[in-house]
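Engineer: For reference, the structure I am asking about is given below.
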Amino acid sequence: MIIAVASCPLISIAADPGMTAAERKAYEQHALTNRGDVKRGAKLFADVKRTRCETCHRVAGKGGEVGPDLSRIGGKFDRPHLIESLLEPSRQIVEGYRTSLVLTTDGRVLNGVVKQESERSLTLHDAEGKPNVIGRDDIESLRTSEVSLMPDNLASSLSKQEFTDLVAYLETLRSGANKKFGAGVRGPISVPEAFQVQTIATGLTGAVALETLDDGRILVCEQTGTLRVIKNDQLLTEPMLSLSVDSNWERGLIGVTVHPEFPASPWVYVCYVAANPYPHHRISRLRVTADTADPKSEQILLRGDDQTKMGGNVPAGHQGGAIHFGNDGHLYIAIGEQTAGIPAQKLDTFLGKILRVTDSGEMPKDNPFLNQTKDKYRAIWAIGCRNPFTFAIRPTDGMMLINDVGGKFEEINPGVAGANYGWPNVNHGMTQQPGIKGPIHVYPQASISGGDFAPTTLPGKHSGRYFFADFVHGWIRTIDPANGKQADAFASGLRRPVDMRFSRDGSLYVLLRNAWVKDDKFVSDTGSLLKISRRSPQTLSE
């Protein structure tokens, strides 16, 4: 077993030719949704005959050194990554752990990982961890392979339960890992019996927001500035767009949607934090052809405030960023208050607001604060938000629900023109204070993240419900949007869900971030996209 930690795939093994696609899917499903026995997984990891993991890897000072130390692997990568890396290990291989193939002048072919090099020789470590020193003069050719170094048939040599046990053990390897802010959440992922969950993509960097398109594509914002495309449930190699952004802490590319008549009106809309001439929110639209947005077509619809002048104990925090079209054809944007508090109540800043403009960036004539604001601030539609990280609009009637993070409670607020949600003058929670629009649902402080309305075509008790996720707790719950009182459990075991959207066919796509903020401990390629969908009648009967 060769596990790579600096990039997306963790366990770099040759793809198992003995398993069919259906068998791999069955193993994935089992490992995603079953707990696994950690003790049995540890024994399998140490089994020198069956898995030989310790031949190449060290855990807590014990094991080989061909591959990287795995003592913290479970703290860096979530269960979907671990599963995929065991089943399809050669998708991406980290530099430094690629297999090298050496043809010697006497006709021998040697393979392994190069661990030492000099002008006279190189040392190749094979799958048994044994070193082979080869003189430079004895090398006929040297090249790297796209197939990882690993004993054959690892997954097929294990039962589905044993495979799950091994994954469960790897997930526990997180010595020294911070368990705050959702980092301690572990699988399995639990969904109702009528549903199934599968991994659609891994290796996303700073995953922060997504949008589902009517044509089946999914757009994913990477905080570092790239807009990724999932097409036919496959992550495309080339991004739709790459933007220059300030990606510090919670800044970056943080929101995306498309024109309501897309692709006939071929515009993609983004919310991001630009670095120059100072950090500020920027709302832009760009023209899309096929799966690519033309960077030269960018039209900036709104420029936000100079964040260096707005205060806050963490100026790069509470950025908001969600962006969607309403049923009125206008664009709505949610902006956080940058941890500054007071600006949320002022009408000369975008901070702590819901904004509303036309599809071309004009000010709608019925915006509620037109007579109290000037210039770009006439876009203000509602005030008094803390960090309205996500919101959703119900297609049937335009109802808006806003997920506002933090304070004493997490809030779900109804979106109402001219509303004042109270922050920071009124802390989060149920309120009857005059002039303040109170929430329809609250729960104790954690970190509410993605939200969306289930389509009415979704059968059963979930039809039309409002689904929302929590980043810290790792669950998804639902409420009746008519009253918001009782929250029912839907899913759990999700490490750091950051956004989610229903597709037209009723599937729920859930974006996992596996990083709280982008700081000096940030690890790239750790985000995942999951799909929760109805199981077929045939599957339910099995």
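Residues in the structure tokens are numbered from 1 in each chain, the chains being A, B, ... in the order shown, and ligands are numbered from 1 in the order shown.
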Looking only at helix (DSSP H, G or I) from DSSP on the backbone, list the matching residues of stretch 51-178 of chain A as a ChimeraX atom specification.

Structural biologist: /A:53-56,73-76,79-87,136-138,155-157,160-172

Engineer: List the neighbours of A:Gly317 out to 7 Å using only C-alpha atoms; skip same-chain residues closer than 3 positions along the sequence, and give me the result as a short mmCIF file (atom, residue, chain, number, x, y, z; two decimals) with N, CA, C and O atoms, in the first residue's frame.

Structural biologist:
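Generated file (around18.cif):
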data_model
loop_
_atom_site.label_atom_id
_atom_site.label_comp_id
_atom_site.auth_asym_id
_atom_site.auth_seq_id
_atom_site.Cartn_x
_atom_site.Cartn_y
_atom_site.Cartn_z
N TRP A 249 -8.34 33.09 4.52
CA TRP A 249 -9.33 32.77 5.54
C TRP A 249 -10.65 32.36 4.89
O TRP A 249 -10.78 31.28 4.37
N GLU A 250 -11.68 33.23 4.85
CA GLU A 250 -12.95 32.89 4.22
C GLU A 250 -13.16 33.63 2.89
O GLU A 250 -14.24 33.53 2.30
N VAL A 314 -11.80 39.64 12.87
CA VAL A 314 -11.22 38.78 11.85
C VAL A 314 -11.69 39.33 10.51
O VAL A 314 -12.67 38.86 9.94
N GLN A 338 -18.26 40.58 8.07
CA GLN A 338 -16.81 40.65 8.23
C GLN A 338 -16.38 40.64 9.69
O GLN A 338 -15.31 41.14 10.04
N THR A 339 -17.21 40.09 10.56
CA THR A 339 -17.02 40.07 12.02
C THR A 339 -17.04 41.47 12.61
O THR A 339 -16.67 41.65 13.78
#

Engineer: Could you give me, as number ranges by chain, the residues within 7 Å of stretch 370-378 of chain A, counting only C-alpha atoms and dropping anything in the same chain fewer than 6 positions from it?

Structural biologist: A: 347-350, 363

Engineer: Find the spatial neighbours of A:Thr396, counting only C-alpha atoms, within a cut-off of 10 Å - ignore same-chain residues fewer than 6 positions away - and output them as a PyMOL selection string.

Structural biologist: chain A and resi 327+455-456+464

Engineer: Write out as a ChimeraX atom specification the residues lying within 10 Å of A:Gly63, counting only C-alpha atoms and excluding same-chain residues fewer than 6 positions away.

Structural biologist: /A:46,52-57,69-70

Engineer: Out of A:Asp138, A:Asp452, A:Asp505, A:Asp520, which residue has the shortest atom-to-atom distance to A:Asp215 when counting only C-alpha atoms?

Structural biologist: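 Comparing A:Asp138, A:Asp452, A:Asp505, A:Asp520 against A:Asp215, the winner is A:Asp505.
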
Engineer: Considering only C-alpha atoms, state which residue in the set A:Lys160, A:Arg501, A:Arg98, A:Lys518 is at the smallest distance from A:Gly252.

Structural biologist: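 Using only C-alpha atoms, A:Gly252 sits closest to A:Lys518.
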
Engineer: For A:Pro395, list every protein, DNA or RNA residue within 12 Å, evaluated using only C-alpha atoms, and leave out those in the same chain fewer than 4 positions away; present the list as a JSON list (two decimals) with all heavy atoms, in the first residue's frame.

Structural biologist:
[["chain", "number", "residue", "atom", "x", "y", "z"],
["A", 260, "PRO", "N", -31.29, 32.61, -15.36],
["A", 260, "PRO", "CA", -32.48, 31.73, -15.35],
["A", 260, "PRO", "C", -32.78, 31.09, -16.69],
["A", 260, "PRO", "O", -33.40, 30.02, -16.73],
["A", 260, "PRO", "CB", -33.60, 32.70, -14.94],
["A", 260, "PRO", "CG", -32.93, 33.80, -14.21],
["A", 260, "PRO", "CD", -31.59, 33.95, -14.85],
["A", 324, "HIS", "N", -28.01, 33.73, -5.98],
["A", 324, "HIS", "CA", -29.03, 32.98, -6.72],
["A", 324, "HIS", "C", -30.03, 33.95, -7.33],
["A", 324, "HIS", "O", -30.20, 35.07, -6.86],
["A", 324, "HIS", "CB", -29.78, 32.01, -5.80],
["A", 324, "HIS", "CG", -28.91, 31.00, -5.13],
["A", 324, "HIS", "ND1", -28.26, 30.01, -5.83],
["A", 324, "HIS", "CD2", -28.58, 30.83, -3.83],
["A", 324, "HIS", "CE1", -27.56, 29.26, -4.98],
["A", 324, "HIS", "NE2", -27.74, 29.74, -3.77],
["A", 325, "PHE", "N", -30.71, 33.48, -8.36],
["A", 325, "PHE", "CA", -31.79, 34.26, -8.97],
["A", 325, "PHE", "C", -33.11, 33.96, -8.27],
["A", 325, "PHE", "O", -33.40, 32.81, -7.93],
["A", 325, "PHE", "CB", -31.90, 33.96, -10.46],
["A", 325, "PHE", "CG", -30.98, 34.78, -11.30],
["A", 325, "PHE", "CD1", -29.72, 34.30, -11.63],
["A", 325, "PHE", "CD2", -31.34, 36.05, -11.75],
["A", 325, "PHE", "CE1", -28.85, 35.04, -12.40],
["A", 325, "PHE", "CE2", -30.49, 36.81, -12.52],
["A", 325, "PHE", "CZ", -29.23, 36.31, -12.85],
["A", 326, "GLY", "N", -33.91, 35.01, -8.09],
["A", 326, "GLY", "CA", -35.25, 34.85, -7.57],
["A", 326, "GLY", "C", -36.24, 34.59, -8.70],
["A", 326, "GLY", "O", -35.91, 34.72, -9.88],
["A", 327, "ASN", "N", -37.46, 34.27, -8.32],
["A", 327, "ASN", "CA", -38.49, 34.04, -9.32],
["A", 327, "ASN", "C", -38.87, 35.31, -10.08],
["A", 327, "ASN", "O", -39.49, 35.24, -11.13],
["A", 327, "ASN", "CB", -39.74, 33.45, -8.65],
["A", 327, "ASN", "CG", -39.54, 32.01, -8.24],
["A", 327, "ASN", "OD1", -38.42, 31.55, -8.05],
["A", 327, "ASN", "ND2", -40.63, 31.27, -8.08],
["A", 328, "ASP", "N", -38.47, 36.46, -9.54],
["A", 328, "ASP", "CA", -38.73, 37.73, -10.21],
["A", 328, "ASP", "C", -37.69, 38.04, -11.29],
["A", 328, "ASP", "O", -37.74, 39.09, -11.93],
["A", 328, "ASP", "CB", -38.78, 38.87, -9.19],
["A", 328, "ASP", "CG", -37.50, 38.97, -8.35],
["A", 328, "ASP", "OD1", -36.52, 38.24, -8.64],
["A", 328, "ASP", "OD2", -37.48, 39.76, -7.38],
["A", 329, "GLY", "N", -36.73, 37.12, -11.49],
["A", 329, "GLY", "CA", -35.70, 37.33, -12.50],
["A", 329, "GLY", "C", -34.55, 38.20, -12.05],
["A", 329, "GLY", "O", -33.64, 38.48, -12.83],
["A", 399, "MET", "N", -40.42, 31.81, -2.42],
["A", 399, "MET", "CA", -40.08, 31.92, -1.00],
["A", 399, "MET", "C", -38.57, 31.80, -0.81],
["A", 399, "MET", "O", -37.93, 30.94, -1.40],
["A", 399, "MET", "CB", -40.77, 30.83, -0.19],
["A", 399, "MET", "CG", -40.46, 30.87, 1.29],
["A", 399, "MET", "SD", -41.20, 29.47, 2.19],
["A", 399, "MET", "CE", -40.90, 29.96, 3.89],
["A", 400, "MET", "N", -37.99, 32.69, 0.00],
["A", 400, "MET", "CA", -36.56, 32.65, 0.30],
["A", 400, "MET", "C", -36.35, 32.30, 1.76],
["A", 400, "MET", "O", -37.02, 32.84, 2.65],
["A", 400, "MET", "CB", -35.90, 34.01, 0.03],
["A", 400, "MET", "CG", -34.42, 34.05, 0.38],
["A", 400, "MET", "SD", -33.72, 35.74, 0.42],
["A", 400, "MET", "CE", -33.69, 36.12, -1.32],
["A", 452, "ASP", "N", -31.50, 24.02, 0.87],
["A", 452, "ASP", "CA", -32.27, 24.04, -0.37],
["A", 452, "ASP", "C", -33.64, 23.42, -0.13],
["A", 452, "ASP", "O", -33.82, 22.62, 0.79],
["A", 452, "ASP", "CB", -31.53, 23.29, -1.48],
["A", 452, "ASP", "CG", -32.00, 23.71, -2.88],
["A", 452, "ASP", "OD1", -32.77, 24.68, -2.99],
["A", 452, "ASP", "OD2", -31.57, 23.08, -3.85],
["A", 453, "PHE", "N", -34.59, 23.80, -1.00],
["A", 453, "PHE", "CA", -35.92, 23.23, -0.95],
["A", 453, "PHE", "C", -35.96, 21.94, -1.76],
["A", 453, "PHE", "O", -35.53, 21.91, -2.93],
["A", 453, "PHE", "CB", -36.94, 24.22, -1.54],
["A", 453, "PHE", "CG", -37.16, 25.46, -0.72],
["A", 453, "PHE", "CD1", -36.41, 26.60, -0.97],
["A", 453, "PHE", "CD2", -38.11, 25.48, 0.28],
["A", 453, "PHE", "CE1", -36.61, 27.76, -0.22],
["A", 453, "PHE", "CE2", -38.32, 26.63, 1.04],
["A", 453, "PHE", "CZ", -37.57, 27.78, 0.79],
["A", 454, "ALA", "N", -36.50, 20.89, -1.16],
["A", 454, "ALA", "CA", -36.68, 19.65, -1.90],
["A", 454, "ALA", "C", -37.78, 19.86, -2.94],
["A", 454, "ALA", "O", -38.80, 20.50, -2.66],
["A", 454, "ALA", "CB", -37.06, 18.52, -0.96],
["A", 455, "PRO", "N", -37.60, 19.33, -4.14],
["A", 455, "PRO", "CA", -38.66, 19.47, -5.14],
["A", 455, "PRO", "C", -39.92, 18.73, -4.71],
["A", 455, "PRO", "O", -39.85, 17.72, -4.00],
["A", 455, "PRO", "CB", -38.04, 18.85, -6.39],
["A", 455, "PRO", "CG", -36.95, 17.97, -5.90],
["A", 455, "PRO", "CD", -36.44, 18.60, -4.65],
["A", 456, "THR", "N", -41.07, 19.24, -5.12],
["A", 456, "THR", "CA", -42.34, 18.59, -4.77],
["A", 456, "THR", "C", -42.48, 17.24, -5.46],
["A", 456, "THR", "O", -43.33, 16.44, -5.06],
["A", 456, "THR", "CB", -43.52, 19.49, -5.14],
["A", 456, "THR", "OG1", -43.42, 19.84, -6.53],
["A", 456, "THR", "CG2", -43.50, 20.77, -4.30],
["A", 464, "GLY", "N", -41.05, 18.82, -0.78],
["A", 464, "GLY", "CA", -41.24, 20.22, -0.47],
["A", 464, "GLY", "C", -40.60, 20.69, 0.82],
["A", 464, "GLY", "O", -40.70, 21.88, 1.16],
["A", 502, "PHE", "N", -30.37, 20.64, -4.64],
["A", 502, "PHE", "CA", -31.11, 19.60, -5.35],
["A", 502, "PHE", "C", -30.97, 19.79, -6.84],
["A", 502, "PHE", "O", -30.95, 20.91, -7.35],
["A", 502, "PHE", "CB", -32.59, 19.65, -4.97],
["A", 502, "PHE", "CG", -32.91, 18.97, -3.68],
["A", 502, "PHE", "CD1", -33.02, 19.71, -2.51],
["A", 502, "PHE", "CD2", -33.10, 17.60, -3.62],
["A", 502, "PHE", "CE1", -33.32, 19.09, -1.30],
["A", 502, "PHE", "CE2", -33.39, 16.97, -2.42],
["A", 502, "PHE", "CZ", -33.51, 17.71, -1.26],
["A", 504, "ARG", "N", -32.52, 18.74, -10.78],
["A", 504, "ARG", "CA", -33.87, 18.67, -11.33],
["A", 504, "ARG", "C", -34.50, 17.30, -11.12],
["A", 504, "ARG", "O", -35.72, 17.17, -10.96],
["A", 504, "ARG", "CB", -33.82, 19.01, -12.82],
["A", 504, "ARG", "CG", -35.15, 18.95, -13.53],
["A", 504, "ARG", "CD", -35.05, 19.50, -14.94],
["A", 504, "ARG", "NE", -35.74, 20.77, -15.07],
["A", 504, "ARG", "CZ", -35.86, 21.43, -16.20],
["A", 504, "ARG", "NH1", -35.29, 20.97, -17.30],
["A", 504, "ARG", "NH2", -36.51, 22.57, -16.25]]

Engineer: Counting only C-alpha atoms, which residues of stretch 117-204 of chain A fall within 10 Å of stretch 509-512 of chain A, and what is the closest atom pair for each with its distance in Å at one decimal, ordered by chain and rising number, as JSON lines?

Structural biologist:
{"residue": "A:Val197", "atom": "CA", "partner": "A:Tyr509", "partner_atom": "CA", "distance": 9.6}
{"residue": "A:Gln198", "atom": "CA", "partner": "A:Tyr509", "partner_atom": "CA", "distance": 9.8}
{"residue": "A:Thr199", "atom": "CA", "partner": "A:Val510", "partner_atom": "CA", "distance": 9.7}
{"residue": "A:Ile200", "atom": "CA", "partner": "A:Tyr509", "partner_atom": "CA", "distance": 8.9}
{"residue": "A:Ala201", "atom": "CA", "partner": "A:Leu511", "partner_atom": "CA", "distance": 9.5}
{"residue": "A:Thr202", "atom": "CA", "partner": "A:Leu512", "partner_atom": "CA", "distance": 9.3}
{"residue": "A:Leu204", "atom": "CA", "partner": "A:Leu512", "partner_atom": "CA", "distance": 9.1}

Engineer: Save the residues we just selected, C-alpha atoms, as a PDB file, in the first residue's frame?

Structural biologist:
ATOM      1  CA  VAL A 197     -25.180   7.894  -1.207  1.00  0.00           C
ATOM      2  CA  GLN A 198     -22.264   7.810  -3.610  1.00  0.00           C
ATOM      3  CA  THR A 199     -19.069   9.787  -4.162  1.00  0.00           C
ATOM      4  CA  ILE A 200     -19.138  11.872  -7.334  1.00  0.00           C
ATOM      5  CA  ALA A 201     -15.823  13.738  -7.041  1.00  0.00           C
ATOM      6  CA  THR A 202     -12.851  14.102  -4.735  1.00  0.00           C
ATOM      7  CA  LEU A 204     -11.516  19.581  -4.717  1.00  0.00           C
TER       8      LEU A 204
END

Engineer: Could you check the closest approach to A:Ile448 for each of A:His473, A:Lys531, A:Lys461, A:Arg186 and tell me which residue wins, using only C-alpha atoms?

Structural biologist: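 Going through A:His473, A:Lys531, A:Lys461, A:Arg186 one by one, the smallest distance to A:Ile448 is for A:His473.
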
Engineer: In stretch 251-469 of chain A, what's strand (DSSP E or B) per DSSP? Answer as a PyMOL selection string?

Structural biologist: chain A and resi 253-258+267-274+280-289+292-293+299-303+320-325+331-335+353-357+380-383+388-393+400-404+409-414+420+441-444+448-453+466-469

Engineer: Could you tell me which of A:Arg495, A:Arg386, A:Arg285, A:Lys296 comes closest to A:Thr526 if we count only C-alpha atoms?

Structural biologist: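 For A:Thr526, the nearest of the candidates is A:Arg495.
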
Engineer: Between atom CA of A:Gly341 and atom CA of A:Gly206, what is the distance in Å, rounded to a tenth?

Structural biologist: 25.8 Å

Engineer: When distances are computed from only C-alpha atoms, which of A:Gly311, A:Pro388, A:Gly112, A:Gly255 shows the smallest separation from A:Gly336?

Structural biologist: A:Pro388

Engineer: Here is a test: counting only C-alpha atoms, which residue of A:Gly312, A:Glu23, A:Glu238, A:Asn420 is nearest to A:Gln433?

Structural biologist: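 Residue with the minimum atom-to-atom distance to A:Gln433: A:Asn420.
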